[in-house]
Amino acid sequence: MTGGDDDYGDAFKEAKLEHDQRRQGSKEEQRLQAEADANAAALSDVVLPQLQAATEKLEPLGGRVDIRRYGRTGKSLRPTSVAFRITDQQGHKSRIYLIVPRGGVVTITSGDGFGLTGEPQQAVNVSEKVGIQKRDDLTIENVKKLILGAIAEYRNDREHNQRADNNDDPE
């Protein structure tokens, strides 16, 4: 081999190294992407399966879980936030719950209905009340408690409306 042949190899190695470094991005970009992937995985692997399980249980009883997914990330287009409410065929419903994990923190807001942007109207932060404030709090048990709380709200709305209907009846 002549001295010039090593130059080709060295130049290629250097170019490949630069290319790989650019492709990987900075450590901060990698950290942010890993965090976004973890947030999306928590929604896709914990929250959505629990909501779908609730849907399967409620549908034979005449109930529904209205699920909305917002934003998409990653190759599999996982949602970046999820909203839901419990409804029935007569129009009774729970409040809306919007679950947004960001930066390891989870914000859950609750409101009366879906606004134009899909967020709950007159939203109130209920993260502390429902015990889900960090991504690690998004467990099957805590998500079940959240859904059961929405079902209790639905029941209260239904009972309130039935009492109001009974008071409107002439005697």
# chains A, B, ... in the order shown; residues from 1 in each chain; ligands from 1
>>> select_by_dssp(residues="stretch 42-96 of chain A", states="alpha helix (DSSP H)", output="JSON, numbers by chain")
{"A": [42, 48, 49, 50, 51, 52, 53, 54, 55, 56, 57, 58]}
>>> residues_around(residues="stretch 134-136 of chain A", least_positions_apart="5", cutoff="8 Å", atoms="only C-alpha atoms", output="PyMOL selection string")
chain A and resi 39+42+101+104-106
>>> atom_distance(atom1="atom CA of A:Gln122", atom2="atom CA of A:Asp37")
29.5 Å
>>> select_by_dssp(residues="stretch 93-140 of chain A", states="strand (DSSP E or B)", output="VMD selection string")
chain A and resid 93 96 to 102 105 to 111 114 120 124 to 125 134
>>> write_last_selection(atoms="N, CA and C atoms", output="PDB file, in the first residue's frame")
ATOM      1  N   LYS A  93     -73.394  12.384  31.066  1.00  0.00           N
ATOM      2  CA  LYS A  93     -71.950  12.292  30.864  1.00  0.00           C
ATOM      3  C   LYS A  93     -71.195  12.762  32.093  1.00  0.00           C
ATOM      4  N   ILE A  96     -64.943  15.998  31.348  1.00  0.00           N
ATOM      5  CA  ILE A  96     -63.862  15.591  30.447  1.00  0.00           C
ATOM      6  C   ILE A  96     -62.565  15.556  31.252  1.00  0.00           C
ATOM      7  N   TYR A  97     -61.740  14.565  31.007  1.00  0.00           N
ATOM      8  CA  TYR A  97     -60.419  14.490  31.620  1.00  0.00           C
ATOM      9  C   TYR A  97     -59.380  14.494  30.514  1.00  0.00           C
ATOM     10  N   LEU A  98     -58.413  15.400  30.617  1.00  0.00           N
ATOM     11  CA  LEU A  98     -57.318  15.491  29.653  1.00  0.00           C
ATOM     12  C   LEU A  98     -56.025  15.154  30.384  1.00  0.00           C
ATOM     13  N   ILE A  99     -55.303  14.156  29.871  1.00  0.00           N
ATOM     14  CA  ILE A  99     -54.062  13.687  30.480  1.00  0.00           C
ATOM     15  C   ILE A  99     -52.905  14.110  29.579  1.00  0.00           C
ATOM     16  N   VAL A 100     -52.007  14.940  30.129  1.00  0.00           N
ATOM     17  CA  VAL A 100     -50.884  15.466  29.346  1.00  0.00           C
ATOM     18  C   VAL A 100     -49.579  15.235  30.106  1.00  0.00           C
ATOM     19  N   PRO A 101     -48.790  14.225  29.703  1.00  0.00           N
ATOM     20  CA  PRO A 101     -47.464  14.061  30.313  1.00  0.00           C
ATOM     21  C   PRO A 101     -46.452  14.932  29.566  1.00  0.00           C
ATOM     22  N   ARG A 102     -45.623  15.644  30.324  1.00  0.00           N
ATOM     23  CA  ARG A 102     -44.599  16.498  29.705  1.00  0.00           C
ATOM     24  C   ARG A 102     -43.458  16.676  30.698  1.00  0.00           C
ATOM     25  N   VAL A 105     -43.603  15.205  34.223  1.00  0.00           N
ATOM     26  CA  VAL A 105     -44.743  15.652  35.019  1.00  0.00           C
ATOM     27  C   VAL A 105     -46.020  15.357  34.230  1.00  0.00           C
ATOM     28  N   VAL A 106     -47.063  14.958  34.930  1.00  0.00           N
ATOM     29  CA  VAL A 106     -48.343  14.699  34.283  1.00  0.00           C
ATOM     30  C   VAL A 106     -49.360  15.715  34.795  1.00  0.00           C
ATOM     31  N   THR A 107     -50.017  16.377  33.859  1.00  0.00           N
ATOM     32  CA  THR A 107     -51.082  17.305  34.218  1.00  0.00           C
ATOM     33  C   THR A 107     -52.404  16.698  33.772  1.00  0.00           C
ATOM     34  N   ILE A 108     -53.328  16.601  34.708  1.00  0.00           N
ATOM     35  CA  ILE A 108     -54.671  16.126  34.381  1.00  0.00           C
ATOM     36  C   ILE A 108     -55.627  17.273  34.676  1.00  0.00           C
ATOM     37  N   THR A 109     -56.324  17.695  33.637  1.00  0.00           N
ATOM     38  CA  THR A 109     -57.322  18.745  33.816  1.00  0.00           C
ATOM     39  C   THR A 109     -58.697  18.148  33.577  1.00  0.00           C
ATOM     40  N   SER A 110     -59.674  18.744  34.213  1.00  0.00           N
ATOM     41  CA  SER A 110     -61.048  18.280  34.091  1.00  0.00           C
ATOM     42  C   SER A 110     -61.919  19.487  33.787  1.00  0.00           C
ATOM     43  N   GLY A 111     -62.854  19.308  32.869  1.00  0.00           N
ATOM     44  CA  GLY A 111     -63.741  20.400  32.506  1.00  0.00           C
ATOM     45  C   GLY A 111     -65.097  19.888  32.079  1.00  0.00           C
ATOM     46  N   PHE A 114     -65.800  19.559  25.713  1.00  0.00           N
ATOM     47  CA  PHE A 114     -64.674  19.794  24.820  1.00  0.00           C
ATOM     48  C   PHE A 114     -64.781  21.181  24.214  1.00  0.00           C
ATOM     49  N   PRO A 120     -60.563  20.572  27.672  1.00  0.00           N
ATOM     50  CA  PRO A 120     -61.767  20.768  28.486  1.00  0.00           C
ATOM     51  C   PRO A 120     -62.084  22.250  28.677  1.00  0.00           C
ATOM     52  N   VAL A 124     -60.010  22.628  35.227  1.00  0.00           N
ATOM     53  CA  VAL A 124     -59.432  22.706  36.564  1.00  0.00           C
ATOM     54  C   VAL A 124     -58.368  21.616  36.648  1.00  0.00           C
ATOM     55  N   ASN A 125     -57.198  21.946  37.184  1.00  0.00           N
ATOM     56  CA  ASN A 125     -56.138  20.959  37.351  1.00  0.00           C
ATOM     57  C   ASN A 125     -56.517  20.031  38.501  1.00  0.00           C
ATOM     58  N   LYS A 134     -46.793  12.639  38.415  1.00  0.00           N
ATOM     59  CA  LYS A 134     -45.556  12.315  37.703  1.00  0.00           C
ATOM     60  C   LYS A 134     -45.845  11.170  36.739  1.00  0.00           C
TER      61      LYS A 134
END
>>> closest_residue(among="A:Asp66, A:Asp6, A:Glu35, A:Asp112", to="A:Thr80", atoms="only C-alpha atoms")
A:Glu35
>>> residues_around(residues="A:Val143", least_positions_apart="5", cutoff="12 Å", atoms="only C-alpha atoms", output="PyMOL selection string")
chain A and resi 42-43+45-54+84+97+99+108+127+130-133+135-138+148-150
>>> atom_distance(atom1="atom CA of A:Arg78", atom2="atom CA of A:Ala38")
10.6 Å
